[in-house]
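The data block below is work-v5.txt; it holds compact mmCIF, C-alpha atoms.
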```
# COMPACT_ATOMS: atom_id res chain seq x y z
CA MET A 1 61.75 -38.10 69.61
CA SER A 2 59.89 -41.04 71.21
CA ARG A 3 56.74 -42.54 69.79
CA ALA A 4 54.81 -41.42 72.88
CA HIS A 5 55.82 -37.83 72.17
CA ASN A 6 54.77 -38.21 68.57
CA THR A 7 51.41 -39.47 69.76
CA ALA A 8 51.03 -36.51 72.09
CA ARG A 9 51.89 -34.10 69.28
CA ALA A 10 49.30 -35.78 67.07
CA ALA A 11 46.77 -35.30 69.85
CA ALA A 12 47.62 -31.61 70.03
CA THR A 13 47.13 -31.29 66.26
CA LEU A 14 43.73 -32.96 66.55
CA THR A 15 42.81 -30.56 69.35
CA ALA A 16 43.50 -27.62 67.08
CA LEU A 17 41.30 -29.18 64.42
CA ALA A 18 38.57 -29.60 67.03
CA LEU A 19 38.67 -25.90 67.91
CA ILE A 20 38.44 -24.93 64.24
CA GLY A 21 35.45 -27.17 63.58
CA ALA A 22 33.74 -27.11 66.95
CA CYS A 23 30.87 -24.79 66.09
CA SER A 24 29.90 -26.58 62.87
CA SER A 25 30.21 -29.96 64.62
CA LEU A 26 27.84 -28.94 67.35
CA ARG A 27 25.31 -27.78 64.80
CA SER A 28 25.46 -30.78 62.48
CA GLY A 29 26.46 -33.69 64.77
CA ALA A 30 27.97 -36.93 63.54
CA ASN A 31 26.73 -38.24 60.20
CA PRO A 32 27.82 -40.87 57.67
CA GLU A 33 29.30 -38.25 55.33
CA GLY A 34 31.47 -36.60 57.97
CA PRO A 35 31.68 -38.43 61.31
CA ASN A 36 33.16 -36.47 64.18
CA TRP A 37 35.84 -39.06 65.00
CA LYS A 38 38.97 -37.17 64.02
CA ARG A 39 38.36 -34.28 66.40
CA HIS A 40 40.09 -34.19 69.77
CA ALA A 41 37.55 -32.38 71.96
CA SER A 42 39.27 -32.19 75.38
CA TRP A 43 42.34 -33.23 77.32
CA SER A 44 40.69 -36.07 79.23
CA MET A 45 43.15 -38.76 78.04
CA HIS A 46 46.91 -38.72 78.43
CA VAL A 47 49.48 -41.22 77.20
CA VAL A 48 51.42 -42.60 80.19
CA PHE A 49 53.61 -45.01 78.24
CA ASP A 50 54.04 -46.50 74.77
CA ARG A 51 55.76 -49.90 74.69
CA GLU A 52 56.44 -51.91 71.54
CA ILE A 53 55.79 -55.51 72.51
CA VAL A 54 55.59 -57.17 69.08
CA ALA A 55 59.05 -56.92 67.50
CA GLU A 56 59.13 -56.30 63.77
CA GLY A 57 60.98 -59.56 63.16
CA ARG A 58 58.20 -61.58 64.83
CA ARG A 59 55.29 -60.27 62.77
CA LEU A 60 53.58 -63.31 61.28
CA GLY A 61 50.98 -62.43 58.70
CA GLU A 62 47.98 -60.85 60.44
CA PRO A 63 48.08 -57.03 60.23
CA TYR A 64 46.00 -56.51 63.37
CA GLN A 65 45.94 -57.26 67.09
CA ARG A 66 42.58 -58.26 68.59
CA GLY A 67 43.54 -59.52 72.04
CA GLN A 68 42.06 -57.43 74.86
CA PRO A 69 44.51 -57.03 77.77
CA GLU A 70 43.67 -58.78 81.04
CA ILE A 71 44.52 -56.83 84.21
CA ASP A 72 45.87 -58.28 87.45
CA ALA A 73 45.44 -55.17 89.58
CA ALA A 74 46.86 -56.65 92.80
CA GLY A 75 49.99 -57.91 91.02
CA LYS A 76 50.19 -54.80 88.80
CA ARG A 77 50.47 -56.99 85.71
CA LEU A 78 48.89 -57.23 82.28
CA PHE A 79 48.41 -60.36 80.19
CA ILE A 80 47.87 -59.99 76.46
CA GLY A 81 48.10 -62.11 73.33
CA SER A 82 49.35 -61.03 69.92
CA SER A 83 49.55 -62.05 66.29
CA ASP A 84 53.18 -63.14 66.77
CA HIS A 85 51.88 -66.38 68.37
CA GLY A 86 52.70 -65.22 71.90
CA LEU A 87 50.99 -64.51 75.19
CA TYR A 88 52.79 -61.76 77.13
CA ALA A 89 52.95 -60.87 80.82
CA LEU A 90 53.83 -57.18 81.23
CA ARG A 91 54.21 -54.70 84.08
CA ALA A 92 51.15 -52.46 84.23
CA GLY A 93 53.14 -49.38 85.23
CA ASP A 94 55.35 -49.15 82.16
CA GLY A 95 54.64 -52.12 79.86
CA ASP A 96 57.98 -53.82 80.53
CA PRO A 97 57.87 -57.55 79.68
CA ILE A 98 57.96 -60.21 82.42
CA TRP A 99 57.65 -63.37 80.29
CA ARG A 100 56.31 -64.61 76.95
CA PHE A 101 54.62 -67.94 76.13
CA GLU A 102 54.85 -69.25 72.55
CA THR A 103 51.96 -71.06 70.80
CA LEU A 104 51.58 -72.44 67.28
CA GLY A 105 49.09 -69.80 66.12
CA PHE A 106 47.93 -66.21 66.50
CA VAL A 107 46.77 -65.37 70.03
CA GLN A 108 43.77 -63.11 69.40
CA CYS A 109 41.90 -64.34 72.48
CA ALA A 110 41.38 -62.15 75.55
CA PRO A 111 43.08 -64.03 78.42
CA LEU A 112 41.41 -64.86 81.71
CA TYR A 113 43.40 -64.37 84.93
CA ASP A 114 42.41 -66.43 87.99
CA ALA A 115 43.80 -64.78 91.11
CA GLY A 116 42.80 -67.71 93.32
CA GLU A 117 45.20 -70.11 91.60
CA ASN A 118 47.45 -67.40 90.08
CA VAL A 119 47.10 -68.77 86.55
CA VAL A 120 46.09 -67.49 83.12
CA TYR A 121 43.74 -69.24 80.70
CA PHE A 122 43.72 -68.32 77.02
CA GLY A 123 43.10 -69.71 73.56
CA SER A 124 45.07 -69.65 70.33
CA ASN A 125 44.34 -69.94 66.62
CA ASP A 126 46.29 -73.20 66.77
CA GLY A 127 43.06 -74.71 68.16
CA ALA A 128 44.24 -75.16 71.73
CA LEU A 129 43.19 -73.80 75.10
CA TYR A 130 46.07 -73.15 77.52
CA LYS A 131 46.56 -72.82 81.27
CA VAL A 132 49.86 -71.24 82.31
CA ASP A 133 51.45 -70.07 85.56
CA ALA A 134 50.95 -66.31 85.95
CA ASP A 135 54.36 -65.75 87.59
CA THR A 136 56.54 -67.72 85.18
CA GLY A 137 54.48 -68.56 82.08
CA ALA A 138 55.11 -72.28 82.70
CA LEU A 139 52.53 -74.55 81.04
CA ARG A 140 50.05 -76.25 83.39
CA TRP A 141 48.00 -77.96 80.69
CA ARG A 142 46.98 -77.71 77.03
CA PHE A 143 43.57 -78.80 75.73
CA MET A 144 43.11 -79.26 71.96
CA THR A 145 39.69 -78.12 70.70
CA ASN A 146 40.50 -78.60 66.96
CA ALA A 147 39.43 -75.08 65.95
CA GLU A 148 40.43 -71.47 66.60
CA VAL A 149 39.81 -70.28 70.18
CA ALA A 150 39.44 -66.51 70.07
CA ARG A 151 36.83 -65.74 72.76
CA ARG A 152 37.67 -65.29 76.44
CA PRO A 153 36.72 -68.40 78.45
CA VAL A 154 34.53 -68.23 81.56
CA LEU A 155 35.54 -69.75 84.91
CA ILE A 156 32.75 -70.74 87.32
CA GLN A 157 33.26 -72.93 90.41
CA GLY A 158 36.27 -74.78 89.07
CA VAL A 159 34.84 -75.32 85.58
CA LEU A 160 36.15 -73.53 82.50
CA TYR A 161 33.61 -72.88 79.73
CA ALA A 162 35.09 -72.17 76.31
CA ALA A 163 33.91 -71.98 72.70
CA ASN A 164 35.74 -72.40 69.41
CA ALA A 165 35.16 -71.27 65.84
CA ASN A 166 33.66 -74.64 64.89
CA ASP A 167 30.43 -73.99 66.81
CA THR A 168 31.50 -76.09 69.78
CA ILE A 169 30.98 -75.23 73.45
CA MET A 170 33.02 -77.13 76.05
CA ALA A 171 33.06 -77.48 79.82
CA ILE A 172 36.56 -78.33 81.08
CA ARG A 173 37.74 -79.09 84.61
CA ALA A 174 40.04 -76.18 85.38
CA LYS A 175 42.27 -78.16 87.72
CA ASP A 176 43.59 -80.66 85.16
CA GLY A 177 42.08 -79.80 81.75
CA GLU A 178 39.73 -82.82 81.71
CA LEU A 179 36.72 -82.48 79.36
CA LEU A 180 33.45 -82.67 81.30
CA TRP A 181 31.03 -82.21 78.40
CA SER A 182 30.77 -80.58 74.97
CA GLN A 183 28.03 -79.61 72.55
CA HIS A 184 28.44 -79.01 68.83
CA ARG A 185 26.14 -77.58 66.16
CA THR A 186 26.80 -78.09 62.49
CA PRO A 187 28.02 -74.76 61.07
CA ALA A 188 25.74 -73.08 58.57
CA ALA A 189 26.31 -73.82 54.90
CA GLY A 190 27.51 -70.96 52.74
CA MET A 191 29.12 -67.67 53.77
CA GLU A 192 29.74 -66.67 57.37
CA VAL A 193 30.77 -63.45 59.07
CA ALA A 194 34.24 -63.54 60.62
CA GLY A 195 34.03 -64.17 64.35
CA TYR A 196 31.75 -66.17 66.59
CA SER A 197 29.90 -66.06 69.90
CA GLY A 198 31.49 -66.72 73.25
CA PRO A 199 29.75 -68.44 76.19
CA THR A 200 27.86 -66.67 78.97
CA VAL A 201 27.12 -68.49 82.24
CA ALA A 202 24.25 -67.39 84.50
CA GLY A 203 21.61 -69.06 86.64
CA GLY A 204 23.05 -72.54 86.16
CA LYS A 205 22.88 -72.26 82.37
CA VAL A 206 25.37 -71.62 79.56
CA PHE A 207 24.10 -69.39 76.74
CA MET A 208 25.68 -69.24 73.30
CA GLY A 209 24.91 -68.18 69.74
CA PHE A 210 25.83 -70.18 66.63
CA SER A 211 26.63 -69.57 62.98
CA ASP A 212 23.39 -71.29 61.86
CA GLY A 213 21.44 -68.40 63.40
CA THR A 214 20.36 -70.11 66.61
CA VAL A 215 20.75 -69.29 70.31
CA THR A 216 20.73 -72.10 72.86
CA ALA A 217 20.87 -72.58 76.63
CA PHE A 218 22.67 -75.61 78.12
CA ASP A 219 22.74 -76.98 81.65
CA ALA A 220 26.04 -75.79 83.13
CA ASN A 221 26.63 -79.11 84.93
CA THR A 222 25.56 -81.66 82.31
CA GLY A 223 25.54 -79.86 78.97
CA GLU A 224 21.95 -80.87 78.26
CA GLU A 225 19.77 -78.38 76.39
CA ARG A 226 17.63 -76.37 78.79
CA TRP A 227 15.48 -74.90 76.03
CA GLN A 228 15.11 -75.61 72.34
CA PRO A 229 17.45 -73.67 70.03
CA LEU A 230 15.78 -70.42 69.06
CA ASP A 231 16.22 -69.72 65.35
CA LEU A 232 16.82 -65.98 64.91
CA SER A 233 17.52 -66.49 61.19
CA ALA A 234 13.81 -67.29 60.79
CA GLU A 235 13.02 -63.86 62.21
CA ALA A 236 15.48 -62.33 59.74
CA GLU A 237 13.88 -64.25 56.86
CA GLN A 238 10.48 -62.80 57.71
CA LEU A 239 11.97 -59.33 57.91
CA LEU A 240 13.91 -59.54 54.63
CA GLY A 241 11.41 -61.63 52.68
CA GLU A 242 14.18 -64.10 51.77
CA VAL A 243 16.70 -66.36 53.44
CA PRO A 244 19.45 -64.07 54.82
CA GLN A 245 22.93 -64.44 53.36
CA TYR A 246 24.54 -64.31 56.80
CA LEU A 247 22.77 -66.31 59.50
CA ASP A 248 25.37 -65.75 62.19
CA VAL A 249 24.72 -64.97 65.85
CA ASP A 250 28.29 -63.90 66.64
CA THR A 251 27.70 -61.69 69.66
CA THR A 252 28.36 -63.17 73.09
CA PRO A 253 25.00 -63.18 74.94
CA ILE A 254 24.44 -60.72 77.78
CA ALA A 255 22.66 -62.14 80.84
CA THR A 256 20.82 -59.46 82.79
CA GLN A 257 17.74 -58.67 84.84
CA LEU A 258 15.01 -56.77 83.00
CA ASP A 259 11.73 -55.39 84.36
CA VAL A 260 10.02 -58.69 83.44
CA GLY A 261 12.68 -60.96 84.95
CA PRO A 262 15.97 -62.70 84.01
CA ALA A 263 16.83 -62.28 80.34
CA VAL A 264 19.49 -62.87 77.73
CA ILE A 265 20.23 -60.29 75.02
CA VAL A 266 21.82 -61.33 71.71
CA ALA A 267 22.21 -59.96 68.19
CA SER A 268 21.79 -61.66 64.83
CA TYR A 269 23.96 -60.24 62.04
CA GLU A 270 21.02 -59.66 59.68
CA GLY A 271 18.07 -60.01 62.03
CA GLY A 272 18.71 -57.35 64.67
CA VAL A 273 18.87 -57.43 68.48
CA TYR A 274 16.71 -59.67 70.68
CA ALA A 275 15.91 -60.05 74.36
CA LEU A 276 14.97 -63.59 75.38
CA ASP A 277 13.50 -65.01 78.56
CA ALA A 278 16.46 -66.70 80.26
CA ASP A 279 14.32 -69.55 81.65
CA ALA A 280 12.11 -70.39 78.66
CA GLY A 281 13.94 -68.93 75.63
CA THR A 282 10.86 -67.04 74.49
CA GLN A 283 11.23 -63.62 72.88
CA LEU A 284 10.67 -60.57 75.09
CA TRP A 285 11.40 -57.90 72.50
CA SER A 286 13.27 -57.36 69.24
CA ASN A 287 14.68 -54.41 67.33
CA THR A 288 15.10 -55.46 63.70
CA GLU A 289 16.45 -52.10 62.49
CA LEU A 290 19.98 -52.94 63.64
CA ALA A 291 21.60 -54.87 60.81
CA GLY A 292 25.25 -55.92 60.90
CA VAL A 293 25.69 -55.93 64.69
CA TYR A 294 29.01 -57.51 65.70
CA ASP A 295 29.25 -56.51 69.39
CA ILE A 296 26.88 -55.64 72.23
CA THR A 297 27.63 -54.14 75.65
CA LEU A 298 25.44 -53.34 78.64
CA TRP A 299 26.35 -49.98 80.21
CA GLU A 300 25.15 -49.32 83.74
CA GLN A 301 25.70 -46.10 85.68
CA PRO A 302 24.51 -45.87 89.31
CA ALA A 303 23.08 -42.62 90.59
CA TYR A 304 25.71 -40.09 91.69
CA LYS A 305 26.19 -36.48 92.68
CA PRO A 306 28.32 -34.47 90.23
CA ARG A 307 31.71 -33.29 91.47
CA SER A 308 30.73 -29.78 90.46
CA GLY A 309 27.63 -29.93 92.68
CA GLY A 310 23.96 -29.81 91.79
CA ALA A 311 21.17 -32.34 91.75
CA GLU A 312 21.85 -36.07 91.81
CA VAL A 313 22.16 -37.69 88.39
CA PRO A 314 19.76 -40.66 88.25
CA ALA A 315 20.89 -44.21 87.49
CA GLN A 316 20.77 -45.26 83.87
CA ARG A 317 21.25 -48.40 81.79
CA LEU A 318 21.87 -48.63 78.06
CA LEU A 319 22.36 -51.51 75.67
CA LEU A 320 25.07 -50.51 73.19
CA ALA A 321 25.25 -52.25 69.81
CA ALA A 322 28.08 -51.71 67.31
CA SER A 323 27.21 -52.32 63.67
CA GLY A 324 29.51 -52.13 60.68
CA THR A 325 26.61 -51.07 58.46
CA SER A 326 24.38 -48.85 60.59
CA GLY A 327 26.62 -47.32 63.29
CA LEU A 328 26.71 -47.32 67.07
CA TRP A 329 23.31 -47.63 68.74
CA ALA A 330 22.07 -47.13 72.30
CA LEU A 331 18.87 -48.99 73.20
CA ASP A 332 16.65 -49.21 76.25
CA PRO A 333 17.48 -52.73 77.51
CA ASP A 334 13.94 -53.22 78.89
CA THR A 335 12.14 -52.39 75.64
CA GLY A 336 14.68 -52.39 72.80
CA ASP A 337 13.68 -48.83 71.86
CA GLN A 338 16.33 -46.60 70.32
CA ILE A 339 17.81 -43.92 72.60
CA TRP A 340 20.43 -42.57 70.18
CA ARG A 341 22.44 -43.57 67.14
CA ARG A 342 25.79 -42.36 65.80
CA SER A 343 27.77 -43.11 62.66
CA LEU A 344 31.10 -44.92 62.88
CA PRO A 345 34.44 -44.25 61.18
CA ASP A 346 35.59 -46.52 58.38
CA GLY A 347 36.47 -49.92 59.83
CA GLY A 348 34.13 -49.59 62.81
CA VAL A 349 34.88 -49.58 66.53
CA SER A 350 35.66 -52.09 69.25
CA ALA A 351 33.18 -53.09 71.92
CA PRO A 352 32.57 -50.01 74.10
CA VAL A 353 34.18 -50.31 77.56
CA PRO A 354 32.82 -48.27 80.50
CA ILE A 355 35.30 -45.95 82.24
CA LEU A 356 34.46 -43.22 84.76
CA GLY A 357 30.96 -42.61 83.42
CA ALA A 358 32.16 -42.55 79.79
CA LEU A 359 32.72 -45.21 77.13
CA MET A 360 36.08 -46.00 75.57
CA VAL A 361 36.38 -47.48 72.08
CA THR A 362 39.20 -48.11 69.65
CA THR A 363 38.95 -47.60 65.89
CA THR A 364 40.83 -49.58 63.28
CA GLU A 365 42.01 -46.49 61.40
CA LEU A 366 42.14 -43.61 63.85
CA GLY A 367 42.92 -44.51 67.46
CA VAL A 368 41.11 -44.48 70.80
CA PHE A 369 38.14 -42.32 71.80
CA LEU A 370 35.92 -41.44 74.76
CA ILE A 371 32.17 -41.22 74.13
CA ALA A 372 29.39 -39.83 76.33
CA PRO A 373 26.94 -42.70 76.93
CA ARG A 374 23.88 -40.52 77.41
CA ASP A 375 23.89 -39.07 73.89
CA GLY A 376 26.80 -40.67 71.99
CA SER A 377 28.72 -37.39 71.69
CA LEU A 378 32.52 -37.38 71.44
CA ILE A 379 34.48 -36.38 74.56
CA ASP A 380 38.09 -36.98 73.58
CA GLY A 381 40.38 -38.93 71.29
CA VAL A 382 44.03 -39.82 70.81
CA HIS A 383 45.39 -40.70 67.40
CA LEU A 384 47.36 -43.96 67.13
CA ALA A 385 49.36 -44.75 64.00
CA TYR A 386 47.40 -47.34 61.97
CA GLY A 387 44.68 -47.56 64.62
CA ALA A 388 43.73 -50.42 66.93
CA SER A 389 41.47 -53.45 66.49
CA SER A 390 41.74 -54.64 70.10
CA THR A 391 39.22 -53.83 72.82
CA PRO A 392 40.57 -51.57 75.61
CA ALA A 393 41.05 -52.87 79.15
CA VAL A 394 40.15 -50.53 82.01
CA TYR A 395 40.89 -50.30 85.73
CA GLY A 396 39.96 -47.19 87.69
CA THR A 397 41.39 -44.19 85.81
CA ARG A 398 43.85 -46.25 83.77
CA ALA A 399 43.24 -47.87 80.37
CA PHE A 400 45.40 -50.10 78.18
CA VAL A 401 45.19 -50.44 74.40
CA LEU A 402 47.21 -52.64 72.02
CA SER A 403 47.56 -51.01 68.61
CA ASP A 404 47.68 -52.90 65.32
CA THR A 405 51.38 -52.04 65.08
CA GLY A 406 52.00 -54.07 68.26
CA HIS A 407 52.44 -51.09 70.61
CA LEU A 408 50.85 -51.21 74.05
CA PHE A 409 49.60 -47.82 75.24
CA GLY A 410 48.93 -46.99 78.86
CA LEU A 411 46.39 -44.15 79.13
CA GLN A 412 45.35 -42.00 82.09
CA VAL A 413 41.76 -40.72 81.99
CA THR A 414 40.64 -37.62 83.89
CA PRO A 415 37.08 -36.80 82.85
CA PRO A 416 35.98 -33.17 82.98
CA VAL A 417 32.45 -34.22 83.95
CA GLY A 418 30.70 -37.30 85.29
CA PRO A 419 30.92 -39.42 88.43
CA PRO A 420 33.91 -39.10 90.73
CA ALA A 421 36.81 -41.50 90.20
CA PRO A 422 36.71 -44.62 92.41
CA SER A 423 38.71 -43.96 95.56
CA THR A 424 38.84 -47.55 96.83
CA LEU A 425 40.90 -49.00 93.99
CA PRO A 426 44.65 -49.34 94.50
CA PRO A 427 46.75 -47.59 91.83
CA ILE A 428 48.46 -49.67 89.17
```

Could you render the structure from this file as structure tokens?
Amino acid sequence: MSRAHNTARAAATLTALALIGACSSLRSGANPEGPNWKRHASWSMHVVFDREIVAEGRRLGEPYQRGQPEIDAAGKRLFIGSSDHGLYALRAGDGDPIWRFETLGFVQCAPLYDAGENVVYFGSNDGALYKVDADTGALRWRFMTNAEVARRPVLIQGVLYAANANDTIMAIRAKDGELLWSQHRTPAAGMEVAGYSGPTVAGGKVFMGFSDGTVTAFDANTGEERWQPLDLSAEAEQLLGEVPQYLDVDTTPIATQLDVGPAVIVASYEGGVYALDADAGTQLWSNTELAGVYDITLWEQPAYKPRSGGAEVPAQRLLLAASGTSGLWALDPDTGDQIWRRSLPDGGVSAPVPILGALMVTTTELGVFLIAPRDGSLIDGVHLAYGASSTPAVYGTRAFVLSDTGHLFGLQVTPPVGPPAPSTLPPI
């Protein structure tokens, strides 16, 4: 029997468990002693294909896969890195390989596909940033940064912005890999949380967090500081009454428009979540209850009329924060106030990814799940052997997840409730 069939049978088993425990779950809700993550509540997700892309003989040390797939919808292709030192190009319909590019380290970076030039940019733990041809995998250029590159780069007007694990932000000319400018902050002394911030580019500025607890804005053209580094570790020190053990600001900033104007939202590992004025760097609000945040996502749902009829559902925005110590939170992005909070399974979840009015997450021990954004309740789940550490990639009704065993799963999502599926997107 194929692995896909085994996965489907596991899903059916979980569905039976859901029916047995449904009443008690609805009464008690999720809680740290018994989170509701193992229950399969509906048949909204279906496995379309299961393709092993990391051969057993190529496994090279790391027991997990963190690279989020990148989707080329027009070309019906996926690009994804793995712990076997490779970047893969795969067919989106069935996961069949097209080509593989070898590096000297783990490729745990989410790639960036540029349709205009038909190339892929990605980083490797070998310290290099790569540009390769999307059709053949041929190398265009290689830029050595001298530290792990595990965050997706950003491409704006011919300039590639990338960060590495040594607290360095770089602007690189995309055409030929020429360094335009770089900024480096001395990493914090002592212990650090695994991971680091990626760059965000908005309004002519590049925003980034650093391991010394600061957040800074740089001029996108020159690299000069646009406002003084804001020390969030000082806020954490006031909160804790002592210097925090982990100073890190490892979340990639979110640039958005709040009621008061342009803002940047970031999270400090021990200090909580902050909204900052994007122009001046001053604090707009903070929520210091959220310790241990390692990922933030802004979920936005426009107003829509339900497929089943009835009154229009109003537009809504939520700031979602995943914490390894306090669970999954939903906050009002304009005020920082808590909307809801849910416990997480052991090992935590990936960054939530919006899909058809729901949120998709992976878990390192259980599999992939759909969550209702408005209250954090569980919609559906599919068990994957040994779980998944990678963040899902989504296009229309299709999602792609790379498991920690090196299997790529193609999933079809058909939500029982929520906004209608986009009708303008070509199928992949």

Contact check, region 304-364 of chain A to region 273-286 of chain A, at most 10 Å, counting all atoms listed in the file, closest pairs as a tab-separated table:
```
residue	atom	partner	partner_atom	distance
A:Leu319	CA	A:Val273	CA	9.9
A:Ala321	CA	A:Val273	CA	8.3
A:Leu331	CA	A:Val273	CA	9.7
A:Pro333	CA	A:Ala275	CA	8.1
A:Asp334	CA	A:Trp285	CA	8.3
A:Thr335	CA	A:Trp285	CA	6.4
A:Gly336	CA	A:Ser286	CA	6.3
A:Asp337	CA	A:Ser286	CA	8.9
```

Report as a Markdown table: every residue of region 60-88 of chain A with an atom at most 8 Å from region 107-116 of chain A, its closest pair of atoms, and their distance in Å to one decimal, counting only C-alpha atoms, with rows sorted by chain and ascending residue number.
```
| residue | atom | partner | partner_atom | distance |
| --- | --- | --- | --- | --- |
| A:Gln65 | CA | A:Gln108 | CA | 6.7 |
| A:Arg66 | CA | A:Gln108 | CA | 5.1 |
| A:Gly67 | CA | A:Gln108 | CA | 4.5 |
| A:Gln68 | CA | A:Ala110 | CA | 4.8 |
| A:Pro69 | CA | A:Ala110 | CA | 6.4 |
| A:Glu70 | CA | A:Pro111 | CA | 5.9 |
| A:Ile71 | CA | A:Tyr113 | CA | 7.7 |
| A:Asp72 | CA | A:Tyr113 | CA | 7.0 |
| A:Phe79 | CA | A:Pro111 | CA | 6.7 |
| A:Ile80 | CA | A:Pro111 | CA | 6.6 |
| A:Gly81 | CA | A:Val107 | CA | 4.8 |
| A:Ser82 | CA | A:Val107 | CA | 5.1 |
| A:Ser83 | CA | A:Val107 | CA | 5.7 |
| A:Asp84 | CA | A:Val107 | CA | 7.5 |
| A:His85 | CA | A:Val107 | CA | 5.5 |
| A:Gly86 | CA | A:Val107 | CA | 6.2 |
| A:Leu87 | CA | A:Val107 | CA | 6.7 |
```

Include C-alpha atoms and write out the residues we just selected as a compact mmCIF listing (two decimals), in the frame of the given file.
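The new file again-v9.txt reads:
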```txt
# COMPACT_ATOMS: atom_id res chain seq x y z
CA GLN A 65 45.94 -57.26 67.09
CA ARG A 66 42.58 -58.26 68.59
CA GLY A 67 43.54 -59.52 72.04
CA GLN A 68 42.06 -57.43 74.86
CA PRO A 69 44.51 -57.03 77.77
CA GLU A 70 43.67 -58.78 81.04
CA ILE A 71 44.52 -56.83 84.21
CA ASP A 72 45.87 -58.28 87.45
CA PHE A 79 48.41 -60.36 80.19
CA ILE A 80 47.87 -59.99 76.46
CA GLY A 81 48.10 -62.11 73.33
CA SER A 82 49.35 -61.03 69.92
CA SER A 83 49.55 -62.05 66.29
CA ASP A 84 53.18 -63.14 66.77
CA HIS A 85 51.88 -66.38 68.37
CA GLY A 86 52.70 -65.22 71.90
CA LEU A 87 50.99 -64.51 75.19
```

### Task
To one decimal in Å, tell me the separation between CA of Thr168 (chain A) and CA of Lys205 (chain A).
15.7 Å

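Atom pair CA of Ser343 (chain A) / CA of Phe369 (chain A): separated by 13.8 Å.
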
#### Entry: CA of Ile339 (chain A) to CA of Leu298 (chain A), distance in Å rounded to a single decimal
13.5 Å

### Task
Tell me which of A:Leu370, A:Ile53, A:Leu384, A:Val154 sits closest to Gly123 (chain A), counting all atoms listed in the file.
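Ranked by minimum distance to Gly123 (chain A), first place goes to A:Val154.
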
## Note on the structure
Among A:Gly203, A:Leu408, A:Arg142, A:Glu148, Lys175 (chain A) is approached most closely, using all atoms listed in the file, by A:Arg142

### Task
Determine the nearest neighbour of Gly198 (chain A) from the options A:Met144, A:Pro253, A:Gly177, A:Asn221, counting only C-alpha atoms.
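Using only C-alpha atoms, the shortest distance to Gly198 (chain A) belongs to A:Pro253.
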
#### Entry: For Leu90 (chain A), the nearest of the candidates A:Thr136, A:Thr363, A:Thr103, A:Thr252, counting only C-alpha atoms
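Answer, going by the shortest atom-to-atom distance: A:Thr136.
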
### Task
Have a look at A:Thr405, A:Asp259, A:Tyr395, A:Leu320 and name the one nearest to Ile371 (chain A); count only C-alpha atoms.
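Closest residue, counting only C-alpha atoms: A:Leu320.
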
### Pick from A:Gly357, A:Gly223, A:Gly347, A:Gly367 nearest to Leu180 (chain A), counting all atoms listed in the file
A:Gly223
